[in-house]
Amino acid sequence: MTIQPSIIMGIILFLLFIKLVKKKNSTQLPPGPTPLPFIGSMIQLHQNKPIFRWIHKLMDDYNSPIICLRLGPSTHVIAVSCPTIACEFLKTQDEVFASRPDAISAYLISNNYRTTVLSPIGEQWRMMKVIVSENMLSSWAHKWFQPKRDEEANHLLCYISNQIQKGTLVNIRIASQHFCANVIKKLIFGKRFFGEGHEDGGPGVEDIEHISALFTMLRYLYGFSTSDIFPWLRWRIDFDGHVKIMRDAIKIVQKYHDPLIDERIQAWKNGARNEVKDLLDKLITLENPKLTPEEIKAQILELMLATIDNPSNAVEWVMAEMIKEPLILKRAVEEIDNVVGCNRLVEELDVPQLNYIKACIKESFRLHPYTPFNVPRLALKDTIVAGYFIPKGSYVLISRLGLGRNPNVWNNPMRFDPDRHLGKNGKQVALSDHELRLLSFSTGKRGCPGMILGTTITTMLLARMIQGFSWETPQNEQQVNSLIENHDNILLAKPLVLVAEPRLPQHIYPTI
């Protein structure tokens, strides 16, 4: 029997068609809006602000825990809200997604990528990662700097006590942000304030300006700048105004940092200083490798940024939730009284036993993260994740909101419930989650090396506040009953302001 050539050709074409269909299905991008030629979804992006709320709405609209936006001619942004898929990105394929995208904000803050967190993968990143891990955030360095942290924990109580004596309400946001800033300034520079400070122990105009500039940088870091999508615009047109905002904020911080750093470098050169007392001394005296002044300045700025945001935001939200649900506050106070008592102040050595306090903080990290997404990762090559094609060069955003508020993972996810984090048999509560059901300190090659410091700062801040004082809402103040979240970000819409009263014997409170 002779097979007609037309039949053979038809079979070949059919097989080729099947092969092409399979190839197309195996390289399908995650769902997302259909992009326009060249500009992609840039028009939609600029029409739907804040952008993070639009991205999360798209995930709801597509009913998908992973979506893809194409911005510009070739930039794919992958957003993820599922722990299983997040683990594929950050753990299973950590090597593929171990870099950072090139962004004008990160470039400016890191002074041309001289730092750890913001730098793309490469020799500079590897060098700085080792320096930070072994010399700045190691376990021995943590122990070495405990007296400096203790001093700031005492200073916090003095500041709040002074507000009470003046008959002033306590602004929890100011107290928390400046406590975190004071701790890291003390560790880096050996000083709490850049100026004289306020007579009540609070920040002066210099430190208020400094921390405001830091939070401005955090607000615009990786802020979907048009020049990031169209690099040929960079240094030509500041389309979004981000470059000017970032430069102005960096200049303010440099005004306070750089003279201290330059003066200290000179002191080591001329022999006026010969003892390592803080992190700045440590960075200056490194010999292998020897850091340049530019590297020192950039790394100090990055470390400052990495310390002030999550702890202060978490504690403000916890205090608000505790005022709304007094039983939670009561249980936290009882834990401290049982572990520590009322005849001494809570100390860092008590932190491992303060499981309910840490559960409250972890719940705040879950429900009220400081930022909606993690610091973005960059795909170093084409790969497949969750059955979808992820092109080389894609930006990967793991949604802190999507993980922490995922109804498929958490029962009644919008309820503040610290008990969900308490382990059995008194097992210690860790503020991280290895299954990525929430994202606090990240994981893998880009995991946060400051987890011990972050845990300590956050826990001590909350523990000292609720051990040292009783708290209540001012009369006619309804804010904490609704806990309104800002539309443009996910902070409390208004800073939390409370009435405080001492709850310990007077002689327990430190005086500075």
# chains A, B, ... in the order shown; residues from 1 in each chain; ligands from 1

$ residues_around --residues "Ala386 (chain A)" --least-positions-apart "5" --cutoff "10 Å" --atoms "only C-alpha atoms" --output "mmCIF file with N, CA and C atoms, in the first residue's frame"
data_model
loop_
_atom_site.group_PDB
_atom_site.id
_atom_site.type_symbol
_atom_site.label_atom_id
_atom_site.label_comp_id
_atom_site.auth_asym_id
_atom_site.auth_seq_id
_atom_site.Cartn_x
_atom_site.Cartn_y
_atom_site.Cartn_z
ATOM 1 N N PRO A 30 2.989 33.867 33.446
ATOM 2 C CA PRO A 30 1.861 33.946 34.380
ATOM 3 C C PRO A 30 0.799 34.895 33.839
ATOM 4 N N ILE A 66 -0.012 34.241 41.292
ATOM 5 C CA ILE A 66 1.159 34.737 40.578
ATOM 6 C C ILE A 66 0.676 35.429 39.304
ATOM 7 N N THR A 84 3.939 28.544 48.724
ATOM 8 C CA THR A 84 4.572 27.452 47.982
ATOM 9 C C THR A 84 5.356 27.993 46.790
ATOM 10 N N ILE A 85 4.751 28.920 46.051
ATOM 11 C CA ILE A 85 5.442 29.514 44.898
ATOM 12 C C ILE A 85 6.587 30.396 45.377
ATOM 13 N N ALA A 86 6.388 31.126 46.474
ATOM 14 C CA ALA A 86 7.456 31.956 47.029
ATOM 15 C C ALA A 86 8.670 31.108 47.395
ATOM 16 N N GLU A 88 9.569 28.390 45.928
ATOM 17 C CA GLU A 88 10.250 28.035 44.679
ATOM 18 C C GLU A 88 11.222 29.131 44.263
ATOM 19 N N PHE A 89 10.788 30.377 44.405
ATOM 20 C CA PHE A 89 11.645 31.496 44.021
ATOM 21 C C PHE A 89 12.811 31.669 44.986
#

$ closest_atom_pairs --of "region 29-131 of chain A" --to "region 286-296 of chain A" --cutoff "8 Å" --atoms "only C-alpha atoms" --output "CSV"
residue,atom,partner,partner_atom,distance
A:Asn111,CA,A:Glu294,CA,7.5
A:Arg114,CA,A:Glu295,CA,5.6
A:Thr115,CA,A:Glu295,CA,6.9

$ residues_around --residues "region 128-138 of chain A" --least-positions-apart "4" --cutoff "9 Å" --atoms "only C-alpha atoms" --output "list in words"
Arg114, Thr115, Thr116, Val117, Glu123, Gln124, His142, Lys143, Leu279, Lys282, Leu283, Leu286, Pro289, Glu295, Gln299, Pro449, Gly450, Met451, Ile452 and Leu453 of chain A

$ write_last_selection --atoms "C-alpha atoms" --output "mmCIF file, in the first residue's frame"
data_model
loop_
_atom_site.group_PDB
_atom_site.id
_atom_site.type_symbol
_atom_site.label_atom_id
_atom_site.label_comp_id
_atom_site.auth_asym_id
_atom_site.auth_seq_id
_atom_site.Cartn_x
_atom_site.Cartn_y
_atom_site.Cartn_z
ATOM 1 C CA ARG A 114 28.960 49.483 46.864
ATOM 2 C CA THR A 115 26.791 47.831 49.544
ATOM 3 C CA THR A 116 25.219 44.518 50.529
ATOM 4 C CA VAL A 117 21.428 44.542 50.327
ATOM 5 C CA GLU A 123 32.296 40.353 43.606
ATOM 6 C CA GLN A 124 31.417 43.628 45.364
ATOM 7 C CA HIS A 142 25.845 41.488 68.898
ATOM 8 C CA LYS A 143 27.161 40.550 72.342
ATOM 9 C CA LEU A 279 30.955 49.830 63.942
ATOM 10 C CA LYS A 282 35.461 48.455 62.752
ATOM 11 C CA LEU A 283 34.859 49.354 59.122
ATOM 12 C CA LEU A 286 39.529 46.487 58.291
ATOM 13 C CA PRO A 289 39.925 43.965 52.389
ATOM 14 C CA GLU A 295 32.194 52.053 50.601
ATOM 15 C CA GLN A 299 27.241 50.678 53.802
ATOM 16 C CA PRO A 449 21.866 38.966 58.161
ATOM 17 C CA GLY A 450 20.473 41.219 60.890
ATOM 18 C CA MET A 451 17.737 38.897 62.143
ATOM 19 C CA ILE A 452 19.196 38.679 65.665
ATOM 20 C CA LEU A 453 19.580 42.446 65.904
#

$ residues_around --residues "region 251-261 of chain A" --least-positions-apart "4" --cutoff "12 Å" --atoms "only C-alpha atoms" --output "MDAnalysis selection string"
chainID A and resid 108:109 111 185 188:191 193:195 206:217 244:247 265:268 278:284 292:302 304:305

$ write_last_selection --atoms "N, CA and C atoms" --output "short mmCIF file (atom, residue, chain, number, x, y, z; two decimals), in the first residue's frame"
data_model
loop_
_atom_site.label_atom_id
_atom_site.label_comp_id
_atom_site.auth_asym_id
_atom_site.auth_seq_id
_atom_site.Cartn_x
_atom_site.Cartn_y
_atom_site.Cartn_z
N LEU A 108 21.47 55.13 43.66
CA LEU A 108 21.83 56.34 44.38
C LEU A 108 22.12 56.06 45.85
N ILE A 109 21.27 55.27 46.49
CA ILE A 109 21.46 54.97 47.92
C ILE A 109 22.77 54.22 48.15
N ASN A 111 25.39 54.25 46.30
CA ASN A 111 26.53 54.93 45.67
C ASN A 111 27.20 54.03 44.63
N LYS A 185 22.40 54.41 65.53
CA LYS A 185 23.38 55.49 65.58
C LYS A 185 24.41 55.23 66.68
N ILE A 188 26.79 52.54 65.45
CA ILE A 188 27.65 52.97 64.35
C ILE A 188 28.59 54.09 64.77
N PHE A 189 28.01 55.16 65.32
CA PHE A 189 28.79 56.37 65.60
C PHE A 189 29.16 56.53 67.07
N GLY A 190 28.57 55.72 67.94
CA GLY A 190 28.83 55.88 69.36
C GLY A 190 28.10 57.05 69.99
N LYS A 191 27.07 57.57 69.30
CA LYS A 191 26.31 58.70 69.82
C LYS A 191 24.85 58.55 69.45
N PHE A 193 22.51 61.30 69.29
CA PHE A 193 21.99 62.43 68.52
C PHE A 193 23.08 63.05 67.66
N PHE A 194 22.67 63.62 66.53
CA PHE A 194 23.59 64.40 65.71
C PHE A 194 23.70 65.83 66.25
N GLY A 195 22.65 66.29 66.92
CA GLY A 195 22.66 67.60 67.54
C GLY A 195 22.65 67.44 69.05
N GLU A 206 17.89 68.31 64.24
CA GLU A 206 18.82 67.60 63.36
C GLU A 206 18.39 66.15 63.17
N ASP A 207 18.03 65.49 64.26
CA ASP A 207 17.67 64.08 64.16
C ASP A 207 16.29 63.87 63.56
N ILE A 208 15.40 64.83 63.76
CA ILE A 208 14.10 64.77 63.09
C ILE A 208 14.28 64.88 61.59
N GLU A 209 15.13 65.80 61.15
CA GLU A 209 15.41 65.94 59.72
C GLU A 209 16.08 64.70 59.16
N HIS A 210 17.00 64.13 59.94
CA HIS A 210 17.74 62.95 59.50
C HIS A 210 16.82 61.75 59.28
N ILE A 211 15.97 61.48 60.28
CA ILE A 211 15.13 60.29 60.16
C ILE A 211 14.03 60.49 59.12
N SER A 212 13.57 61.73 58.95
CA SER A 212 12.59 62.00 57.90
C SER A 212 13.18 61.71 56.53
N ALA A 213 14.45 62.07 56.33
CA ALA A 213 15.11 61.79 55.06
C ALA A 213 15.27 60.29 54.84
N LEU A 214 15.58 59.54 55.89
CA LEU A 214 15.70 58.09 55.77
C LEU A 214 14.39 57.45 55.34
N PHE A 215 13.29 57.87 55.95
CA PHE A 215 12.00 57.28 55.59
C PHE A 215 11.55 57.74 54.20
N THR A 216 11.99 58.90 53.76
CA THR A 216 11.72 59.31 52.38
C THR A 216 12.42 58.36 51.41
N MET A 217 13.66 58.02 51.69
CA MET A 217 14.38 57.06 50.85
C MET A 217 13.68 55.71 50.81
N LYS A 244 15.17 63.54 41.92
CA LYS A 244 15.36 64.73 42.75
C LYS A 244 15.02 64.45 44.21
N ILE A 245 13.92 63.74 44.43
CA ILE A 245 13.52 63.42 45.80
C ILE A 245 14.60 62.60 46.49
N MET A 246 15.13 61.59 45.79
CA MET A 246 16.16 60.74 46.38
C MET A 246 17.44 61.52 46.63
N ARG A 247 17.84 62.31 45.66
CA ARG A 247 19.09 63.08 45.83
C ARG A 247 18.98 64.04 47.01
N ILE A 265 38.00 58.80 60.09
CA ILE A 265 39.06 58.23 59.24
C ILE A 265 40.37 58.97 59.48
N GLN A 266 40.29 60.30 59.55
CA GLN A 266 41.50 61.10 59.77
C GLN A 266 42.09 60.82 61.15
N ALA A 267 41.22 60.63 62.15
CA ALA A 267 41.71 60.35 63.50
C ALA A 267 42.50 59.05 63.56
N TRP A 268 42.06 58.05 62.81
CA TRP A 268 42.80 56.79 62.76
C TRP A 268 44.11 56.96 61.99
N ASP A 278 33.16 51.19 68.03
CA ASP A 278 31.85 51.10 67.39
C ASP A 278 32.02 50.53 65.99
N LEU A 279 30.91 50.43 65.27
CA LEU A 279 30.95 49.83 63.94
C LEU A 279 31.73 50.68 62.95
N LEU A 280 31.69 51.98 63.10
CA LEU A 280 32.48 52.84 62.21
C LEU A 280 33.96 52.56 62.39
N ASP A 281 34.42 52.44 63.61
CA ASP A 281 35.82 52.07 63.85
C ASP A 281 36.15 50.74 63.19
N LYS A 282 35.22 49.79 63.31
CA LYS A 282 35.46 48.46 62.75
C LYS A 282 35.62 48.51 61.24
N LEU A 283 34.77 49.26 60.58
CA LEU A 283 34.86 49.35 59.12
C LEU A 283 36.14 50.07 58.69
N ILE A 284 36.53 51.10 59.42
CA ILE A 284 37.73 51.85 59.05
C ILE A 284 38.99 51.02 59.21
N THR A 292 37.16 51.58 51.07
CA THR A 292 37.31 52.98 50.71
C THR A 292 36.33 53.81 51.53
N PRO A 293 36.56 55.11 51.67
CA PRO A 293 35.58 55.96 52.36
C PRO A 293 34.20 55.89 51.72
N GLU A 294 34.15 55.78 50.39
CA GLU A 294 32.85 55.69 49.71
C GLU A 294 32.11 54.41 50.08
N GLU A 295 32.83 53.31 50.20
CA GLU A 295 32.19 52.05 50.60
C GLU A 295 31.69 52.13 52.03
N ILE A 296 32.47 52.71 52.91
CA ILE A 296 32.07 52.85 54.31
C ILE A 296 30.80 53.70 54.42
N LYS A 297 30.78 54.83 53.75
CA LYS A 297 29.63 55.73 53.82
C LYS A 297 28.37 55.07 53.26
N ALA A 298 28.51 54.38 52.14
CA ALA A 298 27.34 53.75 51.52
C ALA A 298 26.81 52.63 52.41
N GLN A 299 27.70 51.80 52.99
CA GLN A 299 27.24 50.68 53.80
C GLN A 299 26.58 51.16 55.09
N ILE A 300 27.09 52.23 55.66
CA ILE A 300 26.49 52.78 56.88
C ILE A 300 25.07 53.29 56.58
N LEU A 301 24.90 53.97 55.47
CA LEU A 301 23.57 54.44 55.09
C LEU A 301 22.61 53.26 54.91
N GLU A 302 23.06 52.23 54.24
CA GLU A 302 22.20 51.07 54.01
C GLU A 302 21.83 50.39 55.32
N MET A 304 21.64 51.75 58.23
CA MET A 304 20.70 52.63 58.92
C MET A 304 19.28 52.41 58.38
N LEU A 305 19.15 52.35 57.07
CA LEU A 305 17.83 52.15 56.46
C LEU A 305 17.24 50.80 56.84
#

$ select_by_dssp --residues "region 114-335 of chain A" --states "alpha helix (DSSP H)" --output "PyMOL selection string"
chain A and resi 123-131+139-144+146-165+172-189+205-220+226-229+242-269+279-285+293-324+326-335

$ select_by_dssp --residues "region 5-129 of chain A" --states "strand (DSSP E)" --output "ChimeraX atom specification"
/A:66-71,75-80

$ write_last_selection --atoms "N, CA and C atoms" --output "CSV table (one decimal), in the first residue's frame"
chain,number,residue,atom,x,y,z
A,66,ILE,N,0.0,34.2,41.3
A,66,ILE,CA,1.2,34.7,40.6
A,66,ILE,C,0.7,35.4,39.3
A,67,ILE,N,1.1,36.7,39.1
A,67,ILE,CA,0.8,37.4,37.9
A,67,ILE,C,2.0,38.0,37.3
A,68,CYS,N,1.9,38.4,36.0
A,68,CYS,CA,3.0,39.0,35.3
A,68,CYS,C,2.5,40.3,34.6
A,69,LEU,N,3.3,41.4,34.9
A,69,LEU,CA,3.1,42.7,34.2
A,69,LEU,C,4.3,42.9,33.3
A,70,ARG,N,4.0,43.3,32.0
A,70,ARG,CA,5.1,43.7,31.2
A,70,ARG,C,5.2,45.2,31.1
A,71,LEU,N,6.3,45.7,31.6
A,71,LEU,CA,6.5,47.2,31.6
A,71,LEU,C,7.5,47.5,30.6
A,75,THR,N,10.6,44.5,30.1
A,75,THR,CA,10.7,44.2,31.6
A,75,THR,C,9.5,43.5,32.1
A,76,HIS,N,9.6,42.3,32.6
A,76,HIS,CA,8.5,41.6,33.2
A,76,HIS,C,8.6,41.7,34.7
A,77,VAL,N,7.5,42.0,35.3
A,77,VAL,CA,7.4,42.1,36.8
A,77,VAL,C,6.5,40.9,37.3
A,78,ILE,N,7.0,40.0,38.1
A,78,ILE,CA,6.3,38.9,38.5
A,78,ILE,C,5.9,39.1,40.0
A,79,ALA,N,4.7,39.1,40.3
A,79,ALA,CA,4.2,39.3,41.7
A,79,ALA,C,3.6,38.0,42.2
A,80,VAL,N,3.9,37.6,43.5
A,80,VAL,CA,3.6,36.3,44.0
A,80,VAL,C,3.0,36.5,45.4
